[in-house]
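Heads up, run.txt below (compact mmCIF, C-alpha atoms):
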# COMPACT_ATOMS: atom_id res chain seq x y z
CA MET J 1205 26.85 -263.93 -93.21
CA GLY J 1206 28.03 -264.50 -89.62
CA THR J 1207 30.61 -267.09 -90.68
CA GLY J 1208 32.03 -264.71 -93.29
CA VAL J 1209 32.30 -261.86 -90.78
CA ASN J 1210 34.00 -264.14 -88.24
CA SER J 1211 36.46 -265.31 -90.87
CA MET J 1212 37.29 -261.72 -91.80
CA ASN J 1213 37.77 -260.78 -88.16
CA THR J 1214 40.05 -263.77 -87.62
CA GLU J 1215 42.15 -262.84 -90.65
CA LEU J 1216 42.34 -259.20 -89.57
CA LYS J 1217 43.46 -260.24 -86.09
CA ARG J 1218 46.13 -262.52 -87.53
CA LEU J 1219 47.51 -259.79 -89.78
CA THR J 1220 47.50 -257.28 -86.93
CA GLU J 1221 49.45 -259.67 -84.70
CA LEU J 1222 52.10 -260.18 -87.39
CA ALA J 1223 52.42 -256.44 -87.97
CA GLU J 1224 52.75 -255.72 -84.24
CA ARG J 1225 55.21 -258.60 -83.80
CA SER J 1226 57.47 -257.06 -86.45
CA LEU J 1227 57.41 -253.71 -84.68
CA GLY J 1228 58.00 -255.23 -81.25
CA SER J 1229 60.73 -257.70 -82.21
CA GLY J 1230 62.68 -255.52 -84.62
CA ARG J 1231 62.54 -258.09 -87.41
CA PHE J 1232 60.56 -258.83 -90.54
CA THR J 1233 57.49 -261.03 -90.33
CA PHE J 1234 55.74 -262.76 -93.20
CA THR J 1235 52.32 -264.17 -93.87
CA ASP J 1236 51.77 -267.37 -95.82
CA PHE J 1237 50.43 -267.03 -99.34
CA LEU J 1238 47.08 -265.25 -99.08
CA SER J 1239 44.09 -265.91 -101.29
CA VAL J 1240 42.15 -263.17 -103.04
CA ALA J 1241 39.58 -263.23 -100.24
CA GLU J 1242 42.26 -262.94 -97.55
CA LEU J 1243 44.04 -260.16 -99.40
CA SER J 1244 40.74 -258.32 -99.62
CA VAL J 1245 40.69 -258.14 -95.81
CA TYR J 1246 44.12 -256.51 -95.91
CA TYR J 1247 43.16 -254.03 -98.62
CA GLU J 1248 40.00 -253.01 -96.78
CA ASN J 1249 42.10 -252.18 -93.70
CA GLU J 1250 45.31 -251.10 -95.45
CA ALA J 1251 45.65 -247.82 -93.57
CA ALA J 1252 45.75 -249.65 -90.24
CA PHE J 1253 48.96 -251.46 -91.23
CA ARG J 1254 51.01 -248.53 -92.49
CA PHE J 1255 52.94 -248.38 -89.21
CA ALA J 1256 54.51 -251.73 -90.14
CA CYS J 1257 55.49 -250.74 -93.70
CA PRO J 1258 53.89 -253.73 -95.46
CA LYS J 1259 55.01 -255.00 -98.84
CA LEU J 1260 53.25 -257.58 -100.99
CA PHE J 1261 54.83 -260.10 -103.37
CA GLY J 1262 53.83 -263.45 -104.79
CA GLY J 1263 56.87 -264.52 -106.78
CA CYS J 1264 56.23 -262.46 -109.91
CA GLU J 1265 54.33 -259.38 -110.94
CA GLN J 1266 51.39 -261.38 -112.31
CA ALA J 1267 50.89 -263.47 -109.17
CA GLU J 1268 47.42 -263.35 -107.64
CA ARG J 1269 48.20 -265.13 -104.38
CA LYS J 1270 50.67 -263.03 -102.39
CA MET J 1271 52.59 -262.88 -99.13
CA ILE J 1272 52.74 -259.76 -96.99
CA ARG J 1273 56.00 -258.72 -95.37
CA PHE J 1274 55.82 -256.44 -92.35
CA GLY J 1275 58.84 -254.38 -91.34
CA SER J 1276 60.71 -251.25 -92.40
CA GLU J 1277 64.07 -251.68 -94.11
CA GLU J 1278 64.95 -248.13 -93.08
CA GLU J 1279 64.21 -248.67 -89.39
CA LEU J 1280 65.59 -252.22 -89.17
CA GLY J 1281 68.75 -251.32 -91.06
CA PHE J 1282 68.69 -254.39 -93.30
CA SER J 1283 66.55 -256.10 -95.90
CA GLN J 1284 65.16 -259.62 -96.13
CA ASP J 1285 63.87 -261.34 -99.23
CA PHE J 1286 60.48 -262.98 -99.32
CA PRO J 1287 60.86 -266.69 -98.43
CA ILE J 1288 59.62 -267.81 -101.84
CA LYS J 1289 61.11 -270.40 -104.16
CA THR J 1290 60.20 -270.78 -107.81
CA LEU J 1291 59.88 -274.39 -108.97
CA LEU J 1292 59.63 -275.73 -112.50
CA ILE J 1293 57.73 -279.01 -112.83
CA LYS J 1294 58.15 -280.76 -116.17
CA PRO J 1295 57.54 -284.24 -117.59
CA LEU J 1296 60.43 -286.66 -117.88
CA ALA J 1297 59.22 -287.45 -121.39
CA SER J 1298 57.08 -284.66 -122.79
CA LYS J 1299 56.11 -286.72 -125.83
CA PHE J 1300 54.25 -289.24 -123.69
CA ALA J 1301 52.92 -286.83 -121.04
CA ASP J 1302 49.25 -286.27 -120.29
CA ASP J 1303 47.68 -282.92 -121.07
CA LEU J 1304 48.15 -281.51 -117.58
CA SER J 1305 45.98 -278.75 -116.14
CA HIS J 1306 46.27 -276.38 -113.19
CA ARG J 1307 44.00 -278.73 -111.25
CA ASP J 1308 46.26 -281.70 -111.99
CA PHE J 1309 49.38 -279.95 -110.67
CA LEU J 1310 47.61 -278.53 -107.62
CA GLY J 1311 46.05 -281.91 -106.85
CA ALA J 1312 49.41 -283.67 -107.03
CA LEU J 1313 50.93 -281.15 -104.63
CA MET J 1314 48.01 -281.33 -102.21
CA ASN J 1315 48.20 -285.13 -102.27
CA LEU J 1316 51.66 -284.77 -100.73
CA GLY J 1317 49.95 -283.28 -97.68
CA ILE J 1318 50.98 -279.70 -98.49
CA LYS J 1319 48.63 -277.02 -97.21
CA ARG J 1320 47.30 -274.59 -99.81
CA GLU J 1321 48.62 -271.54 -97.96
CA LEU J 1322 52.19 -272.79 -98.52
CA LEU J 1323 51.70 -272.58 -102.28
CA GLY J 1324 51.37 -269.50 -104.40
CA ASP J 1325 50.22 -269.27 -107.99
CA ILE J 1326 50.63 -272.16 -110.40
CA PHE J 1327 51.15 -271.22 -114.05
CA VAL J 1328 50.71 -274.01 -116.60
CA LYS J 1329 51.84 -274.10 -120.21
CA ASP J 1330 52.74 -276.92 -122.60
CA LYS J 1331 52.48 -279.65 -119.92
CA GLU J 1332 54.88 -277.80 -117.61
CA ALA J 1333 54.15 -275.76 -114.51
CA CYS J 1334 55.85 -272.89 -112.73
CA VAL J 1335 54.98 -273.02 -109.03
CA PHE J 1336 55.72 -270.51 -106.28
CA CYS J 1337 56.06 -272.04 -102.84
CA LYS J 1338 57.35 -271.22 -99.40
CA GLU J 1339 61.08 -271.75 -99.17
CA SER J 1340 60.64 -274.21 -96.31
CA ILE J 1341 58.84 -276.82 -98.43
CA ALA J 1342 60.79 -276.51 -101.70
CA ASP J 1343 63.16 -279.42 -100.99
CA PHE J 1344 60.25 -281.61 -99.88
CA ILE J 1345 58.46 -281.02 -103.17
CA ILE J 1346 61.61 -281.65 -105.21
CA GLU J 1347 62.19 -284.97 -103.44
CA ASN J 1348 58.62 -286.23 -103.32
CA LEU J 1349 56.73 -284.97 -106.36
CA ILE J 1350 57.49 -287.64 -108.94
CA ARG J 1351 54.14 -287.96 -110.70
CA VAL J 1352 51.33 -285.67 -111.84
CA LYS J 1353 48.27 -287.62 -112.95
CA HIS J 1354 49.87 -290.51 -114.91
CA THR J 1355 52.92 -288.52 -115.95
CA SER J 1356 56.35 -288.91 -114.38
CA VAL J 1357 57.85 -285.51 -113.63
CA LYS J 1358 60.94 -283.86 -112.25
CA VAL J 1359 61.10 -280.68 -110.20
CA GLU J 1360 63.87 -278.11 -110.08
CA VAL J 1361 64.44 -274.69 -108.57
CA ILE J 1362 64.76 -271.86 -111.06
CA ASP J 1363 66.11 -268.40 -110.32
CA GLU J 1364 63.38 -266.45 -112.07
CA ALA J 1365 59.88 -267.04 -113.28
CA LEU J 1366 59.99 -268.01 -116.93
CA ASP J 1367 57.68 -266.95 -119.73
CA ILE J 1368 55.40 -269.71 -118.50
CA ALA J 1369 54.62 -267.55 -115.43
CA ARG J 1370 52.49 -265.18 -117.43
CA HIS J 1371 48.79 -265.19 -118.03
CA ASP J 1372 47.61 -265.46 -121.60
CA LEU J 1373 45.12 -262.68 -122.26
CA GLU J 1374 42.18 -262.94 -124.61
CA ASP J 1375 40.68 -259.68 -125.82
CA LYS J 1376 36.92 -259.56 -126.08
CA VAL J 1377 34.58 -256.73 -127.06
CA VAL J 1378 31.25 -256.62 -125.22
CA GLN J 1379 28.27 -254.31 -125.58
CA VAL J 1380 26.77 -253.01 -122.34
CA SER J 1381 24.20 -250.41 -121.37
CA SER J 1382 26.66 -248.76 -118.95
CA GLN J 1383 30.05 -249.22 -117.27
CA ARG J 1384 28.39 -250.80 -114.23
CA ILE J 1385 30.37 -253.72 -112.92
CA ASP J 1386 27.37 -256.07 -112.83
CA ALA J 1387 26.50 -255.29 -116.45
CA VAL J 1388 30.05 -255.97 -117.65
CA ILE J 1389 30.36 -259.21 -115.65
CA ALA J 1390 27.05 -260.44 -117.06
CA LYS J 1391 28.28 -259.87 -120.62
CA VAL J 1392 31.78 -261.29 -120.08
CA TYR J 1393 30.50 -264.55 -118.56
CA SER J 1394 27.12 -264.72 -120.35
CA PHE J 1395 25.09 -264.41 -117.15
CA SER J 1396 21.59 -263.07 -116.75
CA ARG J 1397 21.27 -259.90 -114.71
CA GLN J 1398 19.88 -261.92 -111.79
CA GLU J 1399 22.77 -264.39 -111.93
CA ALA J 1400 25.25 -261.51 -111.92
CA LEU J 1401 23.57 -259.93 -108.89
CA GLU J 1402 23.76 -263.23 -107.01
CA LEU J 1403 27.56 -263.18 -107.34
CA PHE J 1404 27.67 -259.96 -105.31
CA ARG J 1405 25.32 -261.34 -102.65
CA GLU J 1406 27.55 -264.37 -102.25
CA GLY J 1407 30.73 -262.26 -101.93
CA LEU J 1408 32.35 -263.71 -105.04
CA VAL J 1409 33.30 -260.48 -106.83
CA TYR J 1410 36.57 -258.62 -106.29
CA HIS J 1411 37.42 -255.24 -107.74
CA ASN J 1412 41.16 -254.43 -107.82
CA GLY J 1413 41.75 -256.99 -105.08
CA ARG J 1414 38.96 -255.83 -102.77
CA GLU J 1415 35.68 -257.60 -102.25
CA CYS J 1416 32.98 -255.66 -104.07
CA THR J 1417 29.44 -255.49 -102.74
CA GLU J 1418 28.36 -252.53 -104.90
CA ASN J 1419 26.93 -254.08 -108.05
CA ALA J 1420 26.34 -250.59 -109.52
CA ARG J 1421 30.00 -249.52 -109.23
CA THR J 1422 31.34 -247.82 -112.35
CA LEU J 1423 34.36 -249.42 -113.99
CA HIS J 1424 37.31 -247.50 -115.38
CA PRO J 1425 40.04 -248.62 -117.81
CA GLY J 1426 42.68 -250.61 -115.95
CA ASP J 1427 40.32 -252.03 -113.34
CA VAL J 1428 40.81 -255.75 -112.67
CA ILE J 1429 37.79 -257.87 -111.79
CA SER J 1430 37.93 -261.34 -110.25
CA VAL J 1431 34.89 -263.59 -109.98
CA ARG J 1432 35.65 -266.57 -107.77
CA GLY J 1433 35.05 -269.82 -109.59
CA LYS J 1434 34.78 -268.07 -112.97
CA GLY J 1435 38.00 -266.19 -113.64
CA LYS J 1436 39.51 -262.75 -113.93
CA PHE J 1437 39.51 -259.97 -116.50
CA GLU J 1438 40.72 -256.41 -116.98
CA TYR J 1439 38.36 -253.67 -118.12
CA SER J 1440 40.66 -252.33 -120.82
CA GLU J 1441 39.03 -249.53 -122.77
CA GLU J 1442 35.81 -248.00 -124.06
CA LEU J 1443 35.37 -248.02 -127.84
CA GLY J 1444 32.39 -245.74 -128.27
CA LEU J 1445 28.70 -246.30 -128.86
CA SER J 1446 27.09 -248.82 -131.19
CA LYS J 1447 24.35 -247.84 -133.64
CA LYS J 1448 21.80 -248.93 -131.03
CA GLY J 1449 23.35 -246.75 -128.34
CA LYS J 1450 25.14 -249.53 -126.50
CA LEU J 1451 28.66 -248.96 -125.11
CA ASN J 1452 31.36 -251.04 -126.79
CA CYS J 1453 34.00 -252.08 -124.25
CA ARG J 1454 37.17 -254.09 -124.63
CA VAL J 1455 38.07 -256.50 -121.84
CA SER J 1456 41.16 -258.70 -121.49
CA ILE J 1457 40.30 -262.10 -120.04
CA TYR J 1458 43.00 -263.99 -118.12
CA ARG J 1459 43.48 -267.54 -119.39

Could you render the structure from this file as structure tokens?
Amino acid sequence: MGTGVNSMNTELKRLTELAERSLGSGRFTFTDFLSVAELSVYYENEAAFRFACPKLFGGCEQAERKMIRFGSEEELGFSQDFPIKTLLIKPLASKFADDLSHRDFLGALMNLGIKRELLGDIFVKDKEACVFCKESIADFIIENLIRVKHTSVKVEVIDEALDIARHDLEDKVVQVSSQRIDAVIAKVYSFSRQEALELFREGLVYHNGRECTENARTLHPGDVISVRGKGKFEYSEELGLSKKGKLNCRVSIYR
């Protein structure tokens, strides 16, 4: 518990320093790409950063890992884009390429010595990957990433995220006793009630980007739930009661 609190305090201090630096220097400041856990620290203290007019962006609307930009366009008198480049990684010969996963692409990038915070989301489809990265390392990746697993690849900058940079959603109908978040998570991932509760104790559940410690919280249509190590889903709609009095709910699971 102490380590988690210290980590949150460190992240909060870092964000505060960036926000204050923007105000004091009269320029925009940017974070690296922040994980869901790091973004949760921001969301929990969002009101404290309003003075610095923060904006969040991760390369596309669907991105989970995001940067924060501090600074007011109105007060500074100019605008500055997020320092993000969009890279397309694709096999030189798709016919002979391995079936490449998110882990394969991330591993290849990390093997180049790139820190995770310099990379945003990685979307994979049909052996290709769309990667968001900090502008400062784009050329390095283009020049040095020549192989993913056993597959020779090439990397190029693209202007916009392609269709590949979208999550595939799988609709699933689950029956629950109530709209409680722990009950829905248990059904979505086939956990026992005790296993679902343990996720909250370990700080692995995020509700609309914020860490959730209330296992009895009621879900509403449109809520997005992330379970670290398991995945993410949207609580889409309620479909009425079953013959046995259970609540039928539709969820959309991110793939």

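Of the listed residues (J:Cys1337, J:Leu1403, J:Val1359, J:Ile1345), J:Leu1403 comes nearest to Ile1385 of chain J; the distances count all atoms listed in the file.
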
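Of the listed residues (J:Ile1362, J:Ala1342, J:Leu1243, J:Ala1387), J:Leu1243 comes nearest to Phe1261 of chain J; the distances count all atoms listed in the file.
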
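Minimum distance to Cys1416 of chain J across J:Leu1260, J:Val1245, J:Ile1293, J:Leu1316 (counting only C-alpha atoms) occurs at J:Val1245.
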
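Using all atoms listed in the file, the shortest contact distance between Asp1427 of chain J and any of J:Glu1441, J:Glu1332, J:Glu1250, J:Glu1339 is found at J:Glu1441.
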
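Distance check against Met1271 of chain J using only C-alpha atoms: of J:Lys1338, J:Arg1225, J:Lys1299, J:Lys1331, the minimum falls on J:Lys1338.
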
*asked:* What's around Phe1274 of chain J at 9 Å? Count all atoms listed in the file, leave out sequence neighbours fewer than 4 positions away in its own chain, and write the answer as number ranges by chain.
replied: J: 1222-1227, 1231-1235, 1253, 1256-1259

_Spatial neighbours of Ile1429 of chain J, 6 Å, all atoms listed in the file, chain gap at least 3 places, as a list in words_ = Tyr1410, His1411, Lys1436 and Phe1437 of chain J

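Straight-line separation from atom CA of Asn1249 of chain J to atom CA of Ser1229 of chain J: 22.6 Å.
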
*Would you be able to write out as a list in words which residues have an atom within 12 Å of (48.9, -281.3, -103.1) in the file's coordinates, counting only C-alpha atoms?*
His1306, Arg1307, Asp1308, Phe1309, Leu1310, Gly1311, Ala1312, Leu1313, Met1314, Asn1315, Leu1316, Gly1317, Ile1318, Lys1319, Arg1320, Glu1321, Leu1322, Leu1323, Ile1326, Val1335, Cys1337, Ile1341, Phe1344, Ile1345, Asn1348, Leu1349, Arg1351, Val1352 and Lys1353 of chain J

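Remark: for Asp1375 of chain J, the closest of the candidate residues J:Leu1401, J:Leu1408, J:Val1392, J:Cys1264 is J:Val1392 (distances computed over only C-alpha atoms).
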
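Within a radius of 12 Å around (24.8, -264.2, -104.2), the polymer residues are J:Met1205, J:Arg1397, J:Gln1398, J:Glu1399, J:Ala1400, J:Leu1401, J:Glu1402, J:Leu1403, J:Phe1404, J:Arg1405, J:Glu1406, J:Gly1407, J:Leu1408, J:Val1409, J:Cys1416, J:Thr1417, J:Asn1419, J:Val1431, J:Arg1432, counting only C-alpha atoms.
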
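Between atom CA of Gly1275 of chain J and atom CA of Ser1430 of chain J the interatomic distance comes to 29.0 Å.
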
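Coordinates place atom CA of Leu1291 of chain J at a distance of 10.8 Å from atom CA of Gly1324 of chain J.
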